[in-house]
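J.: Next up is a structure, given as structure tokens.
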Amino acid sequence: MEDARSVVLRFCDLMSQRETGAMLALVAEDVHWAAVGRPDRFAYGGVHGKAEAEQYMPAFLAAFETFRFDVHDVICEGDRVAIDASSHGVMPTGKIYHNEYLMHFAVKDGQIVSIKEFFDQQELLEFVEA
């Protein structure tokens, strides 16, 4: 079985390749996926499940002509992994999406069971408006 670090890095690499099916196959059915922000003030904030990710991740990534998700730093302790990463995407209009992330993962039995992600909310809102 893969160690937690390898699972998370594969997840990130598959996101960069926009292979959402394979990426989400690494996520447990009962994942606890939390995004920064209160859902009453930021529509994408709060806790989400795998079904929601299966809806929004393919649509999000399909909006780009090119997309990269680059991991800059990794800290791993047992089944916990923290990454410092950035994304860079170019939309068909030429608009550029760039965001910075701090993400914390928990992995159990080769699957991601928890994700906490911190990112620039304003950048995401501007992307959605475009």
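In the structure tokens, each chain is lettered A, B, ... as it comes, each chain's residues begin at 1, and ligands are numbered from 1 in order of appearance.
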Please identify all polymer residues within 12 Å of stretch 38-55 of chain A, counting only C-alpha atoms, omitting same-chain residues fewer than 6 positions from it, and present them as an MDAnalysis selection string.

T.: chainID A and resid 19:32 61:62 112:122 124:125 128

J.: Select from chain A everything DSSP, run on the backbone, classes as alpha helix (DSSP H), then give the selection as JSON, numbers by chain.

T.: {"A": [4, 5, 6, 7, 8, 9, 10, 11, 12, 13, 14, 15, 16, 20, 21, 22, 23, 24, 25, 50, 51, 52, 53, 54, 55, 56, 57, 58, 59, 60, 61, 62, 121, 122, 123, 124, 125, 126, 127, 128, 129]}

J.: Give me the residues within 10 Å of A:Val90 as a PyMOL selection string, counting only C-alpha atoms and dropping any in the same chain fewer than 4 places off.

T.: chain A and resi 63-68+94-98

J.: At a cut-off of 12 Å, can you tabulate as a Markdown table every residue of stretch 9-77 of chain A near stretch 103-109 of chain A together with its closest atom pair and the distance in Å to one decimal, using only C-alpha atoms and ordering rows by chain then number?

T.:
```
| residue | atom | partner | partner_atom | distance |
| --- | --- | --- | --- | --- |
| A:Leu9 | CA | A:Phe105 | CA | 10.7 |
| A:Phe11 | CA | A:Phe105 | CA | 10.6 |
| A:Cys12 | CA | A:Met103 | CA | 10.7 |
| A:Leu26 | CA | A:Val107 | CA | 9.5 |
| A:Val27 | CA | A:Val107 | CA | 8.9 |
| A:Ala28 | CA | A:Lys108 | CA | 8.8 |
| A:Asp30 | CA | A:Lys108 | CA | 11.7 |
| A:Val31 | CA | A:Ala106 | CA | 9.6 |
| A:His32 | CA | A:Ala106 | CA | 9.6 |
| A:Trp33 | CA | A:Phe105 | CA | 9.2 |
| A:Ala34 | CA | A:His104 | CA | 9.8 |
| A:Ala35 | CA | A:Met103 | CA | 9.3 |
| A:Val36 | CA | A:Met103 | CA | 10.2 |
| A:Val71 | CA | A:Met103 | CA | 10.2 |
| A:His72 | CA | A:Met103 | CA | 11.6 |
| A:Asp73 | CA | A:Met103 | CA | 10.6 |
| A:Val74 | CA | A:Met103 | CA | 9.7 |
| A:Ile75 | CA | A:His104 | CA | 9.4 |
| A:Cys76 | CA | A:Phe105 | CA | 9.5 |
| A:Glu77 | CA | A:Ala106 | CA | 9.9 |
```

J.: Would you give me, as JSON, numbers by chain, the residues in stretch 46-126 of chain A that DSSP reads as strand (DSSP E or B)?

T.: {"A": [46, 47, 48, 66, 67, 68, 69, 70, 71, 72, 73, 74, 75, 76, 77, 80, 81, 82, 83, 84, 85, 86, 87, 88, 89, 90, 96, 97, 98, 99, 100, 101, 102, 103, 104, 105, 106, 107, 108, 111, 112, 113, 114, 115, 116, 117, 118, 119]}

J.: May I ask which of the residues A:Tyr101, A:Thr93, A:Phe69, A:Arg80 is the closest one to A:Gln17, counting only C-alpha atoms?

T.: A:Phe69

J.: What does the distance between atom CA of A:Glu2 and atom CA of A:Gly110 come to in Å, to one decimal place?

T.: 6.0 Å
